[in-house]
file coords-v9.cif (mmCIF, C-alpha atoms and all ligand atoms)
data_structure
#
loop_
_atom_site.label_atom_id
_atom_site.label_comp_id
_atom_site.auth_asym_id
_atom_site.auth_seq_id
_atom_site.Cartn_x
_atom_site.Cartn_y
_atom_site.Cartn_z
CA MET V 26 -7.59 -34.90 11.53
CA SER V 27 -11.06 -33.58 12.27
CA ASP V 28 -10.60 -34.53 15.95
CA LEU V 29 -7.58 -32.25 16.13
CA LEU V 30 -9.57 -29.52 14.46
CA LEU V 31 -12.48 -29.99 16.86
CA GLU V 32 -10.04 -29.57 19.76
CA GLN V 33 -8.95 -26.22 18.35
CA TYR V 34 -12.53 -25.01 18.13
CA LYS V 35 -13.19 -26.20 21.68
CA HIS V 36 -10.19 -24.25 22.94
CA LEU V 37 -11.78 -21.14 21.45
CA GLY V 38 -15.04 -21.85 23.25
CA ILE V 39 -17.10 -23.50 20.53
CA SER V 40 -19.03 -26.59 21.57
CA GLU V 41 -18.98 -29.87 19.70
CA GLU V 42 -22.66 -29.49 18.83
CA VAL V 43 -22.14 -26.09 17.21
CA TYR V 44 -19.01 -27.28 15.42
CA ARG V 45 -20.77 -30.33 13.99
CA PHE V 46 -23.77 -28.27 12.89
CA GLY V 47 -21.39 -25.92 11.05
CA ALA V 48 -19.57 -28.84 9.46
CA LYS V 49 -22.84 -30.24 8.14
CA ILE V 50 -23.80 -26.89 6.63
CA GLU V 51 -20.34 -26.48 5.09
CA GLU V 52 -20.52 -29.93 3.53
CA ASN V 53 -23.48 -28.78 1.43
CA LEU V 54 -21.69 -25.68 0.18
CA LYS V 55 -18.85 -27.40 -1.69
CA GLU V 56 -20.16 -26.59 -5.15
CA ARG V 57 -20.70 -22.93 -4.36
CA PHE V 58 -17.32 -22.59 -2.72
CA LYS V 59 -15.75 -24.09 -5.82
CA GLU V 60 -17.37 -21.42 -7.99
CA ILE V 61 -16.09 -18.74 -5.65
CA ASP V 62 -12.57 -20.17 -5.80
CA GLU V 63 -12.68 -20.17 -9.59
CA ARG V 64 -13.76 -16.55 -9.66
CA ALA V 65 -10.97 -15.62 -7.27
CA GLU V 66 -8.51 -17.45 -9.52
CA TYR V 67 -9.77 -15.48 -12.52
CA ASN V 68 -9.50 -12.18 -10.66
CA GLN V 69 -6.05 -13.07 -9.34
CA MET V 70 -4.85 -13.39 -12.94
CA LYS V 71 -6.47 -10.07 -13.78
CA VAL V 72 -4.58 -8.29 -10.99
CA LEU V 73 -1.35 -10.09 -11.83
CA ARG V 74 -1.58 -9.10 -15.49
CA ALA V 75 -2.27 -5.47 -14.58
CA MET V 76 0.87 -5.45 -12.44
CA GLN V 77 3.04 -7.10 -15.08
CA GLU V 78 1.79 -4.96 -17.96
CA ASN V 79 2.55 -1.79 -16.05
CA HIS V 80 6.03 -2.93 -15.01
CA VAL V 81 5.62 -2.81 -11.26
CA SER V 82 9.18 -2.82 -9.92
CA ALA V 83 10.98 -2.66 -6.59
CA GLU V 84 11.49 1.09 -7.17
CA CYS V 85 7.71 1.50 -6.90
CA PHE V 86 7.99 0.87 -3.16
CA ASN V 87 10.27 3.85 -2.49
CA ILE V 88 8.93 6.39 -0.06
CA SER V 89 8.17 9.89 -1.29
CA SER V 90 7.61 12.93 0.91
CA GLY V 91 6.94 16.63 0.50
CA TYR V 92 5.26 17.48 -2.80
CA GLY V 93 5.73 13.98 -4.11
CA TYR V 94 6.70 15.01 -7.66
CA ASN V 95 7.53 12.07 -9.91
CA ASP V 96 6.40 9.45 -7.43
CA LEU V 97 6.86 6.34 -9.58
CA GLY V 98 5.08 4.04 -7.13
CA ARG V 99 1.99 6.22 -6.93
CA ASP V 100 1.82 6.83 -10.68
CA THR V 101 2.36 3.16 -11.53
CA LEU V 102 -0.26 2.04 -9.02
CA GLU V 103 -2.79 4.30 -10.73
CA LYS V 104 -1.95 2.66 -14.05
CA VAL V 105 -2.40 -0.76 -12.43
CA TYR V 106 -5.85 0.21 -11.15
CA ALA V 107 -6.80 1.61 -14.56
CA SER V 108 -5.75 -1.65 -16.29
CA CYS V 109 -7.32 -3.90 -13.70
CA PHE V 110 -10.71 -2.17 -13.66
CA LYS V 111 -10.62 -1.28 -17.40
CA GLY V 112 -10.55 2.50 -17.10
CA GLU V 113 -8.62 5.12 -19.06
CA ASP V 114 -7.14 6.59 -15.91
CA ALA V 115 -7.26 6.30 -12.11
CA LEU V 116 -6.78 8.29 -8.95
CA VAL V 117 -5.72 6.06 -6.02
CA ARG V 118 -4.49 8.02 -3.05
CA PRO V 119 -3.93 7.90 0.69
CA GLN V 120 -5.12 11.53 0.65
CA ILE V 121 -8.59 10.20 -0.16
CA THR V 122 -9.56 9.39 3.40
CA CYS V 123 -12.47 6.96 2.94
CA GLY V 124 -15.22 5.82 0.61
CA THR V 125 -17.49 8.75 1.36
CA HIS V 126 -14.64 11.15 0.59
CA ALA V 127 -13.95 9.41 -2.73
CA LEU V 128 -17.63 9.62 -3.69
CA ALA V 129 -17.92 13.26 -2.59
CA LEU V 130 -14.78 14.07 -4.59
CA ALA V 131 -16.10 12.37 -7.72
CA LEU V 132 -19.42 14.21 -7.44
CA MET V 133 -18.12 17.65 -6.51
CA SER V 134 -15.47 17.66 -9.20
CA ASN V 135 -17.71 16.51 -12.03
CA LEU V 136 -20.78 18.59 -11.25
CA ARG V 137 -21.14 22.38 -11.65
CA PRO V 138 -23.71 24.84 -10.29
CA GLY V 139 -26.99 24.40 -12.12
CA ASP V 140 -26.41 20.70 -12.84
CA GLU V 141 -28.65 17.96 -11.53
CA LEU V 142 -27.62 14.65 -9.98
CA LEU V 143 -29.89 11.63 -10.39
CA SER V 144 -30.05 8.41 -8.39
CA PRO V 145 -32.18 5.93 -10.34
CA VAL V 146 -31.80 3.19 -7.70
CA GLY V 147 -33.38 4.81 -4.65
CA LYS V 148 -31.83 6.42 -1.63
CA PRO V 149 -28.03 6.33 -1.60
CA TYR V 150 -25.80 5.21 1.28
CA ASP V 151 -26.41 7.10 4.55
CA THR V 152 -23.26 9.21 4.51
CA LEU V 153 -24.03 10.46 1.00
CA GLU V 154 -27.21 12.12 2.21
CA GLU V 155 -25.12 14.89 3.70
CA VAL V 156 -22.80 15.08 0.70
CA ILE V 157 -25.76 15.57 -1.61
CA GLY V 158 -27.75 17.70 0.83
CA ILE V 159 -30.71 15.34 1.27
CA ARG V 160 -29.95 15.98 4.92
CA GLN V 161 -28.88 19.60 5.26
CA SER V 162 -25.15 19.88 5.77
CA LYS V 163 -22.34 22.42 5.41
CA GLY V 164 -20.63 22.18 2.06
CA SER V 165 -23.22 19.90 0.47
CA LEU V 166 -23.92 19.88 -3.27
CA THR V 167 -27.16 21.73 -2.51
CA GLU V 168 -25.19 24.68 -1.13
CA TYR V 169 -23.42 24.93 -4.49
CA GLY V 170 -26.68 25.01 -6.42
CA ILE V 171 -26.58 21.40 -7.59
CA THR V 172 -30.00 19.78 -7.41
CA TYR V 173 -30.84 16.16 -6.77
CA ARG V 174 -33.51 13.83 -8.02
CA GLN V 175 -34.21 10.27 -7.05
CA VAL V 176 -36.22 7.46 -8.58
CA ASP V 177 -36.91 4.55 -6.27
CA LEU V 178 -36.73 0.92 -7.29
CA LEU V 179 -40.05 -0.79 -7.91
CA PRO V 180 -41.46 -2.91 -5.06
CA ASP V 181 -40.05 -6.06 -6.73
CA GLY V 182 -36.56 -4.53 -6.86
CA GLY V 183 -36.73 -3.75 -10.60
CA PHE V 184 -35.81 -0.43 -12.22
CA ASP V 185 -38.62 2.08 -12.68
CA TYR V 186 -37.77 2.76 -16.33
CA GLU V 187 -40.80 5.03 -16.82
CA GLY V 188 -39.89 7.12 -13.79
CA ILE V 189 -36.23 7.29 -14.82
CA LYS V 190 -37.14 8.47 -18.31
CA GLU V 191 -39.30 11.21 -16.84
CA ALA V 192 -36.61 12.27 -14.36
CA ILE V 193 -33.86 12.77 -16.94
CA ASN V 194 -33.89 16.38 -18.15
CA GLU V 195 -31.57 18.92 -19.79
CA ARG V 196 -29.84 19.59 -16.45
CA THR V 197 -29.17 15.92 -15.61
CA LYS V 198 -25.40 15.75 -15.73
CA LEU V 199 -24.43 12.77 -13.59
CA VAL V 200 -26.13 9.58 -12.47
CA THR V 201 -25.06 7.77 -9.30
CA ILE V 202 -25.67 4.04 -9.14
CA GLN V 203 -24.94 2.20 -5.91
CA ARG V 204 -23.95 -1.40 -6.63
CA SER V 205 -24.21 -2.75 -3.10
CA LYS V 206 -27.43 -2.61 -1.12
CA GLY V 207 -25.42 -1.10 1.74
CA TYR V 208 -27.67 -1.07 4.78
CA ALA V 209 -30.94 -1.16 2.87
CA THR V 210 -32.91 -4.30 2.15
CA ARG V 211 -33.09 -3.89 -1.61
CA PRO V 212 -31.21 -6.44 -3.69
CA THR V 213 -27.62 -5.69 -4.64
CA LEU V 214 -27.18 -4.99 -8.34
CA SER V 215 -25.23 -7.36 -10.52
CA VAL V 216 -22.80 -5.81 -12.99
CA ASP V 217 -25.05 -6.95 -15.84
CA ARG V 218 -28.08 -5.21 -14.36
CA ILE V 219 -26.02 -2.03 -13.92
CA GLY V 220 -25.11 -2.37 -17.60
CA GLU V 221 -28.77 -2.59 -18.63
CA LEU V 222 -29.60 0.52 -16.63
CA ILE V 223 -26.70 2.49 -18.10
CA THR V 224 -27.59 1.46 -21.67
CA PHE V 225 -31.16 2.62 -21.10
CA MET V 226 -30.12 6.00 -19.73
CA LYS V 227 -27.45 6.68 -22.36
CA LYS V 228 -30.04 6.06 -25.07
CA ILE V 229 -32.06 8.91 -23.61
CA LYS V 230 -29.05 11.17 -22.96
CA PRO V 231 -25.76 9.96 -24.42
CA ASP V 232 -23.49 12.46 -22.62
CA ILE V 233 -24.78 11.68 -19.13
CA ILE V 234 -21.93 10.68 -16.75
CA CYS V 235 -22.67 7.32 -15.11
CA MET V 236 -20.88 6.85 -11.80
CA VAL V 237 -21.03 3.59 -9.86
CA ASP V 238 -20.50 3.47 -6.10
CA ASN V 239 -18.49 0.25 -6.23
CA CYS V 240 -18.02 -0.18 -2.44
CA TYR V 241 -18.11 -3.85 -1.36
CA GLY V 242 -18.47 -5.02 -4.96
CA GLU V 243 -14.89 -5.29 -6.21
CA PHE V 244 -13.81 -8.79 -7.31
CA VAL V 245 -17.14 -10.37 -6.38
CA GLU V 246 -17.76 -10.97 -10.09
CA GLU V 247 -15.43 -11.38 -13.08
CA LYS V 248 -16.65 -8.13 -14.57
CA GLU V 249 -16.58 -4.62 -13.11
CA PRO V 250 -18.96 -1.76 -13.97
CA LEU V 251 -16.60 0.08 -16.39
CA GLU V 252 -16.92 -2.96 -18.65
CA VAL V 253 -20.66 -2.40 -19.04
CA GLY V 254 -20.62 1.29 -19.85
CA ALA V 255 -20.02 3.12 -16.56
CA ASP V 256 -17.86 6.25 -16.89
CA MET V 257 -16.46 6.18 -13.38
CA ILE V 258 -16.26 3.72 -10.47
CA VAL V 259 -15.53 4.82 -6.94
CA GLY V 260 -14.58 2.90 -3.80
CA SER V 261 -12.73 2.59 -0.52
CA LEU V 262 -9.39 0.90 0.13
CA ILE V 263 -10.42 -0.19 3.60
CA LYS V 264 -12.94 -2.41 1.90
CA ASN V 265 -12.39 -5.00 -0.85
CA PRO V 266 -9.53 -3.63 -3.02
CA GLY V 267 -7.28 -2.79 -0.08
CA GLY V 268 -7.20 -6.50 0.74
CA GLY V 269 -7.08 -5.71 4.46
CA LEU V 270 -3.57 -4.30 4.13
CA ALA V 271 -4.17 -0.74 2.94
CA PRO V 272 -4.41 1.38 6.10
CA ILE V 273 -6.31 4.24 4.37
CA GLY V 274 -7.34 5.36 0.92
CA GLY V 275 -9.92 5.58 -1.80
CA TYR V 276 -10.01 5.31 -5.59
CA ILE V 277 -11.72 6.70 -8.66
CA VAL V 278 -11.22 4.88 -11.97
CA GLY V 279 -12.77 5.69 -15.33
CA LYS V 280 -12.82 8.19 -18.19
CA LYS V 281 -9.76 10.39 -18.38
CA GLU V 282 -11.78 13.57 -18.05
CA CYS V 283 -13.70 12.40 -14.97
CA VAL V 284 -10.50 11.35 -13.21
CA GLU V 285 -8.75 14.57 -14.20
CA ASN V 286 -11.58 16.65 -12.75
CA ALA V 287 -11.32 14.69 -9.51
CA ALA V 288 -7.54 15.16 -9.35
CA TYR V 289 -7.84 18.94 -9.76
CA ARG V 290 -10.36 18.98 -6.96
CA LEU V 291 -8.39 16.68 -4.63
CA THR V 292 -5.21 18.72 -4.86
CA SER V 293 -5.63 21.99 -6.74
CA PRO V 294 -6.43 23.37 -10.16
CA GLY V 295 -3.14 23.36 -12.04
CA LEU V 296 -1.56 20.68 -9.84
CA GLY V 297 -3.89 17.68 -10.26
CA LYS V 298 -2.19 14.30 -10.16
CA GLU V 299 1.34 15.74 -10.14
CA VAL V 300 1.52 16.19 -6.36
CA GLY V 301 0.64 14.04 -3.37
CA ALA V 302 3.41 12.19 -1.57
CA SER V 303 2.65 8.56 -0.80
CA LEU V 304 4.56 8.56 2.53
CA GLY V 305 5.41 4.89 2.43
CA VAL V 306 1.91 3.41 2.38
CA ILE V 307 1.92 2.62 -1.32
CA GLN V 308 3.52 -0.81 -0.92
CA SER V 309 0.55 -1.91 1.17
CA PHE V 310 -1.76 -0.69 -1.61
CA TYR V 311 0.00 -2.98 -4.06
CA GLN V 312 0.06 -5.94 -1.72
CA GLY V 313 -3.54 -5.38 -0.68
CA LEU V 314 -4.73 -5.26 -4.28
CA PHE V 315 -2.74 -8.39 -5.03
CA LEU V 316 -4.40 -10.28 -2.15
CA SER V 317 -7.85 -8.78 -2.63
CA PRO V 318 -9.38 -11.47 -4.88
CA THR V 319 -8.51 -14.12 -2.27
CA VAL V 320 -9.65 -11.99 0.66
CA VAL V 321 -12.94 -11.23 -1.08
CA SER V 322 -13.47 -14.95 -1.76
CA GLY V 323 -13.07 -15.68 1.96
CA ALA V 324 -15.54 -12.96 2.89
CA LEU V 325 -18.03 -14.30 0.33
CA LYS V 326 -17.76 -17.82 1.69
CA GLY V 327 -18.40 -16.44 5.16
CA ALA V 328 -21.49 -14.56 4.00
CA ILE V 329 -22.91 -17.66 2.30
CA PHE V 330 -22.06 -19.87 5.28
CA ALA V 331 -23.84 -17.44 7.62
CA ALA V 332 -26.90 -17.25 5.37
CA ASN V 333 -27.13 -21.05 5.37
CA ILE V 334 -26.61 -21.39 9.11
CA PHE V 335 -29.12 -18.76 10.16
CA GLU V 336 -31.76 -19.51 7.54
CA THR V 337 -31.65 -23.17 8.57
CA LEU V 338 -32.23 -22.02 12.15
CA GLY V 339 -35.35 -20.12 11.10
CA PHE V 340 -34.09 -16.52 10.87
CA ASP V 341 -34.67 -14.17 7.92
CA VAL V 342 -31.52 -13.61 5.90
CA VAL V 343 -30.78 -11.27 2.99
CA PRO V 344 -29.48 -12.51 0.59
CA ASN V 345 -31.02 -15.93 1.26
CA LYS V 346 -29.02 -19.14 1.32
CA THR V 347 -29.22 -19.91 -2.40
CA GLU V 348 -29.21 -16.46 -4.03
CA SER V 349 -26.32 -15.32 -6.21
CA ARG V 350 -23.96 -12.77 -4.64
CA HIS V 351 -22.97 -9.35 -5.90
CA ASP V 352 -21.41 -7.91 -2.74
CA ILE V 353 -20.00 -9.25 0.54
CA ILE V 354 -22.71 -8.01 2.94
CA GLN V 355 -24.99 -10.43 4.78
CA ALA V 356 -28.02 -9.30 6.75
CA VAL V 357 -29.59 -11.50 9.43
CA THR V 358 -32.87 -10.41 11.03
CA PHE V 359 -33.49 -11.62 14.56
CA HIS V 360 -36.70 -9.79 15.57
CA ASN V 361 -35.12 -9.76 19.02
CA PRO V 362 -32.56 -7.31 20.48
CA GLU V 363 -31.00 -9.94 22.79
CA ALA V 364 -30.20 -12.20 19.85
CA MET V 365 -28.74 -9.33 17.89
CA ILE V 366 -26.45 -8.40 20.78
CA ALA V 367 -25.42 -12.03 21.33
CA PHE V 368 -24.51 -12.32 17.65
CA CYS V 369 -22.28 -9.24 17.82
CA GLU V 370 -20.64 -10.49 21.01
CA GLY V 371 -19.73 -13.70 19.21
CA ILE V 372 -18.14 -11.86 16.29
CA GLN V 373 -16.16 -9.73 18.73
CA ALA V 374 -15.06 -12.72 20.82
CA ALA V 375 -13.64 -14.37 17.70
CA ALA V 376 -11.53 -11.36 16.66
CA PRO V 377 -7.73 -11.33 16.66
CA VAL V 378 -7.76 -7.83 18.19
CA ASP V 379 -9.87 -6.68 21.16
CA SER V 380 -11.45 -10.12 21.58
CA TYR V 381 -11.75 -9.54 25.32
CA VAL V 382 -14.03 -6.52 25.11
CA THR V 383 -17.82 -6.72 24.98
CA PRO V 384 -19.55 -4.60 22.37
CA GLU V 385 -22.36 -2.47 23.76
CA PRO V 386 -25.14 -0.50 22.09
CA TRP V 387 -24.40 3.24 21.95
CA ALA V 388 -26.00 6.41 20.62
CA MET V 389 -23.88 7.00 17.55
CA PRO V 390 -24.07 10.48 15.98
CA GLY V 391 -26.30 10.59 12.93
CA TYR V 392 -28.50 7.64 13.89
CA ASP V 393 -31.97 7.79 15.40
CA SER V 394 -31.53 4.71 17.60
CA GLU V 395 -28.70 3.02 19.44
CA VAL V 396 -26.23 1.08 17.32
CA ILE V 397 -24.16 -1.98 18.18
CA MET V 398 -20.87 -2.69 16.43
CA ALA V 399 -18.52 -5.62 16.65
CA ALA V 400 -15.07 -5.24 15.18
CA GLY V 401 -11.65 -6.39 16.21
CA ALA V 402 -9.68 -5.19 13.24
CA PHE V 403 -6.04 -4.45 12.47
CA VAL V 404 -7.13 -1.35 10.55
CA GLN V 405 -9.58 0.80 12.48
CA GLY V 406 -13.07 0.65 11.04
CA SER V 407 -12.01 -1.72 8.28
CA SER V 408 -15.01 -3.64 7.04
CA ILE V 409 -13.14 -6.09 4.83
CA GLU V 410 -12.10 -7.53 8.19
CA LEU V 411 -14.79 -9.53 9.99
CA SER V 412 -17.27 -7.07 11.46
CA ALA V 413 -20.95 -6.73 12.31
CA ASP V 414 -23.25 -3.90 13.19
CA GLY V 415 -26.85 -2.74 13.20
CA PRO V 416 -29.31 -0.33 14.79
CA ILE V 417 -31.08 -1.59 17.93
CA LYS V 418 -34.60 -1.20 16.60
CA PRO V 419 -37.12 -3.46 14.90
CA PRO V 420 -36.66 -5.67 12.98
CA TYR V 421 -33.33 -6.09 14.81
CA SER V 422 -31.15 -6.83 11.80
CA VAL V 423 -27.42 -7.32 11.93
CA TYR V 424 -25.31 -6.53 8.88
CA PHE V 425 -22.16 -8.45 8.78
CA GLN V 426 -19.28 -8.62 6.35
CA GLY V 427 -15.65 -9.36 5.79
CA GLY V 428 -13.11 -11.81 7.06
CA LEU V 429 -9.51 -11.68 5.91
CA THR V 430 -9.59 -15.46 5.62
CA TRP V 431 -12.47 -17.90 5.21
CA TYR V 432 -11.35 -19.73 8.35
CA HIS V 433 -11.68 -16.61 10.42
CA ALA V 434 -15.09 -15.78 8.97
CA LYS V 435 -16.16 -19.33 9.81
CA VAL V 436 -15.00 -19.25 13.41
CA GLY V 437 -16.65 -15.84 13.88
CA ILE V 438 -19.99 -17.13 12.65
CA LEU V 439 -19.76 -20.28 14.79
CA MET V 440 -18.89 -18.16 17.81
CA ALA V 441 -21.94 -15.97 17.14
CA LEU V 442 -24.07 -19.11 17.02
CA GLN V 443 -22.43 -20.36 20.23
CA LYS V 444 -23.44 -17.18 22.07
CA LEU V 445 -27.01 -17.44 20.80
CA LYS V 446 -27.21 -21.06 21.88
CA GLU V 447 -25.80 -20.39 25.36
CA ARG V 448 -28.59 -17.85 25.89
CA ASN V 449 -31.31 -20.13 24.54
CA LEU V 450 -31.96 -17.78 21.65
CA VAL V 451 -31.96 -20.49 18.98
CA ASN V 452 -34.28 -23.42 18.55
CA ALA V 453 -32.02 -26.20 19.87
CA ASP V 454 -34.02 -28.87 18.01
CA LEU V 455 -32.89 -27.41 14.71
CA LEU V 456 -29.24 -27.62 15.71
CA CYS V 457 -28.93 -31.34 15.25
C1 LIG P 1 -18.99 1.89 2.99
C2 LIG P 1 -19.77 2.49 1.89
C3 LIG P 1 -19.67 3.85 1.59
C4 LIG P 1 -18.86 4.82 2.39
O1 LIG P 1 -17.56 4.41 2.63
P1 LIG P 1 -16.80 4.87 3.97
O2 LIG P 1 -15.43 4.37 3.75
O3 LIG P 1 -17.51 4.23 5.11
O4 LIG P 1 -16.87 6.35 4.03
C5 LIG P 1 -20.42 4.31 0.52
N1 LIG P 1 -21.23 3.50 -0.18
C6 LIG P 1 -21.35 2.19 0.09
C7 LIG P 1 -22.26 1.34 -0.74
C8 LIG P 1 -20.63 1.64 1.13
O5 LIG P 1 -20.75 0.35 1.41
#
call {"tool": "encode", "arguments": {"input": "coords-v9.cif", "output": "structure tokens", "more": "lines below"}}
Ligand SMILES: *Cc1c(COP(=O)(O)O)cnc(C)c1O
result
Amino acid sequence: MSDLLLEQYKHLGISEEVYRFGAKIEENLKERFKEIDERAEYNQMKVLRAMQENHVSAECFNISSGYGYNDLGRDTLEKVYASCFKGEDALVRPQITCGTHALALALMSNLRPGDELLSPVGKPYDTLEEVIGIRQSKGSLTEYGITYRQVDLLPDGGFDYEGIKEAINERTKLVTIQRSKGYATRPTLSVDRIGELITFMKKIKPDIICMVDNCYGEFVEEKEPLEVGADMIVGSLIKNPGGGLAPIGGYIVGKKECVENAAYRLTSPGLGKEVGASLGVIQSFYQGLFLSPTVVSGALKGAIFAANIFETLGFDVVPNKTESRHDIIQAVTFHNPEAMIAFCEGIQAAAPVDSYVTPEPWAMPGYDSEVIMAAGAFVQGSSIELSADGPIKPPYSVYFQGGLTWYHAKVGILMALQKLKERNLVNADLLC
């Protein structure tokens, strides 16, 4: 059996030495993989129940066009999301173009001129800097007279409760909490830690709206942030909850009023959730959500496998090989641009799409150094599919995530290692 398997890996260009090293690492991960499978099983039931309780039917897959009045599939899907993530209501639309759009929508619709936005967990995700106006931008919250305040995490990753207490004032209307570390090196927040933070802030100001940027976090744990006091969670369908099948989309789930505000902003005052044709993509939203717990479990196994491989080989990894996981992102620091590029070439070479192209560093708009990206995805830019990227500057860290199946994540990681080995960028003694 394993001989046959080895042959398959060899056909793809992975040497016996690399394969056997991977097998040894995998052998030690059985217990952790079992926990991940159990969590996926739990979350599968959660999604299934949400679909059954809301009477998903074949009629839900009909295609609407034009205004999209009475689109049963769209309206039912929003009920499914609300049940699944424990919100009062949801907005799940192909008209929400990406995660940044969903977050901007949630912020702009729930804040008014004169209000203040607070981030108690440090600098938010890059693209939000322009939404908020941290980096000057047309149409930012700043232009509308909405101010922003930020309290950084303490050096040990803890919350600066003193600083947060001082920052909350009579204008503080909404708090944004990013669950995933994104492309920073701070730890990702567990749902329980988010709950502690929310409890603390609501004690100081009970009517404060707590929004969680849930990108990359969905189905990683049994619980989601609405279950620990958040008022609104926001995310992208080309990440976890789209299951790799949704070709576009974003969601907002939470308090009825928050979702209603967002709906009136997305379409128009007076129209809200009543319009917005689903144009035939809604079936993939259902199927993607249904598969998401399994897809996320594969991505998580890949992240843990990579952490164990590269930490064993002497590289810095965040999270490390034994830490608990609260999102699907894995960072590997190479301290060497060649190694970083070799890693990305391996991920690309293992892709089902565009495997024959070589990723090259390029000057991407908005970044102050060249960036390299490896992705061979069915959905453009999808980061629930196996992908890797990072800026070509010290400390030469690659962020990698996704994998529609564990097997694909595994072969991608082994291929990355293969490329590093072929260029003598790993300590060969550690490989045996
Ligand atoms: C990806 C991401 C976003 C932005 O989503 P896009 O779909 O890329 O616009 C925002 N916040 C976090 C934490 C993310 O990971």
call {"tool": "residues_around", "arguments": {"input": "coords-v9.cif", "residues": "Asn194 in chain V", "least_positions_apart": "4", "cutoff": "10 Å", "atoms": "all atoms listed in the file", "output": "list in words"}}
result
Glu141, Leu143, Ile189, Lys190, Lys198, Ile229 and Lys230 of chain V
call {"tool": "write_last_selection", "arguments": {"input": "coords-v9.cif", "atoms": "C-alpha atoms", "output": "CSV table (one decimal), keeping the file's coordinate frame"}}
result
chain,number,residue,atom,x,y,z
V,141,GLU,CA,-28.6,18.0,-11.5
V,143,LEU,CA,-29.9,11.6,-10.4
V,189,ILE,CA,-36.2,7.3,-14.8
V,190,LYS,CA,-37.1,8.5,-18.3
V,198,LYS,CA,-25.4,15.8,-15.7
V,229,ILE,CA,-32.1,8.9,-23.6
V,230,LYS,CA,-29.0,11.2,-23.0
call {"tool": "atom_distance", "arguments": {"input": "coords-v9.cif", "atom1": "CA of Ile334 in chain V", "atom2": "CA of Trp431 in chain V"}}
result
15.1 Å
call {"tool": "closest_atom_pairs", "arguments": {"input": "coords-v9.cif", "of": "chain V", "to": "ligand LIG 1 (chain P)", "cutoff": "6 Å", "atoms": "all atoms listed in the file", "output": "CSV"}}
result
residue,atom,partner,partner_atom,distance
V:Cys123,CA,P:LIG1,O2,4.0
V:Gly124,CA,P:LIG1,O1,3.4
V:Thr125,CA,P:LIG1,O4,3.6
V:Tyr150,CA,P:LIG1,N1,5.1
V:Gln203,CA,P:LIG1,C7,5.9
V:Ser205,CA,P:LIG1,C7,5.1
V:Gly207,CA,P:LIG1,C7,4.7
V:Asp238,CA,P:LIG1,N1,6.0
V:Cys240,CA,P:LIG1,O5,4.7
V:Tyr241,CA,P:LIG1,O5,5.7
V:Ser261,CA,P:LIG1,O2,5.4
call {"tool": "closest_atom_pairs", "arguments": {"input": "coords-v9.cif", "of": "range 109-177 of chain V", "to": "range 73-85 of chain V", "cutoff": "12 Å", "atoms": "all atoms listed in the file", "output": "CSV"}}
result
residue,atom,partner,partner_atom,distance
V:Cys109,CA,V:Ala75,CA,5.4
V:Phe110,CA,V:Ala75,CA,9.1
V:Lys111,CA,V:Ala75,CA,9.8
V:Gly112,CA,V:Ala75,CA,11.8
call {"tool": "atom_distance", "arguments": {"input": "coords-v9.cif", "atom1": "CA of Asn53 in chain V", "atom2": "CA of Glu243 in chain V"}}
result
26.2 Å
call {"tool": "atom_distance", "arguments": {"input": "coords-v9.cif", "atom1": "CA of Gly242 in chain V", "atom2": "CA of Leu338 in chain V"}}
result
27.8 Å
call {"tool": "closest_atom_pairs", "arguments": {"input": "coords-v9.cif", "of": "range 267-338 of chain V", "to": "range 96-102 of chain V", "cutoff": "8 Å", "atoms": "only C-alpha atoms", "output": "tab-separated table"}}
result
residue	atom	partner	partner_atom	distance
V:Ala302	CA	V:Asp96	CA	7.1
V:Ser303	CA	V:Arg99	CA	6.6
V:Ile307	CA	V:Arg99	CA	6.7
V:Tyr311	CA	V:Leu102	CA	7.1
call {"tool": "closest_residue", "arguments": {"input": "coords-v9.cif", "among": "V:Val176, V:Ile159, V:Met70, V:Val278", "to": "Lys104 in chain V", "atoms": "all atoms listed in the file"}}
result
V:Val278
call {"tool": "residues_near_point", "arguments": {"input": "coords-v9.cif", "point": "(-16.7, -14.0, -9.0)", "cutoff": "7 Å", "atoms": "all atoms listed in the file", "output": "PyMOL selection string"}}
result
chain V and resi 61+64-65+244-247
call {"tool": "residues_near_point", "arguments": {"input": "coords-v9.cif", "point": "(-19.8, -4.5, -20.1)", "cutoff": "10 Å", "atoms": "all atoms listed in the file", "output": "PyMOL selection string"}}
result
chain V and resi 216-217+219-221+224+248-255
call {"tool": "closest_residue", "arguments": {"input": "coords-v9.cif", "among": "V:Gly147, V:Pro231, V:Gly313, V:Pro318", "to": "Gly182 in chain V", "atoms": "all atoms listed in the file"}}
result
V:Gly147
call {"tool": "residues_around", "arguments": {"input": "coords-v9.cif", "residues": "Thr197 in chain V", "least_positions_apart": "3", "cutoff": "10 Å", "atoms": "all atoms listed in the file", "output": "number ranges by chain"}}
result
V: 136, 139-143, 172-174, 192-194, 200, 230, 232-234
call {"tool": "residues_around", "arguments": {"input": "coords-v9.cif", "residues": "Val146 in chain V", "least_positions_apart": "3", "cutoff": "7 Å", "atoms": "all atoms listed in the file", "output": "MDAnalysis selection string"}}
result
chainID V and resid 176:178 202
call {"tool": "closest_residue", "arguments": {"input": "coords-v9.cif", "among": "V:Pro138, V:Gly301, V:His126, V:Ala367", "to": "Ser89 in chain V", "atoms": "all atoms listed in the file"}}
result
V:Gly301
call {"tool": "closest_residue", "arguments": {"input": "coords-v9.cif", "among": "V:Thr201, V:Gln33, V:Gln355, V:Gln161", "to": "Gly327 in chain V", "atoms": "all atoms listed in the file"}}
result
V:Gln355
call {"tool": "closest_residue", "arguments": {"input": "coords-v9.cif", "among": "V:Leu439, V:Val72, V:Glu370, V:Ile397", "to": "Ala107 in chain V", "atoms": "all atoms listed in the file"}}
result
V:Val72
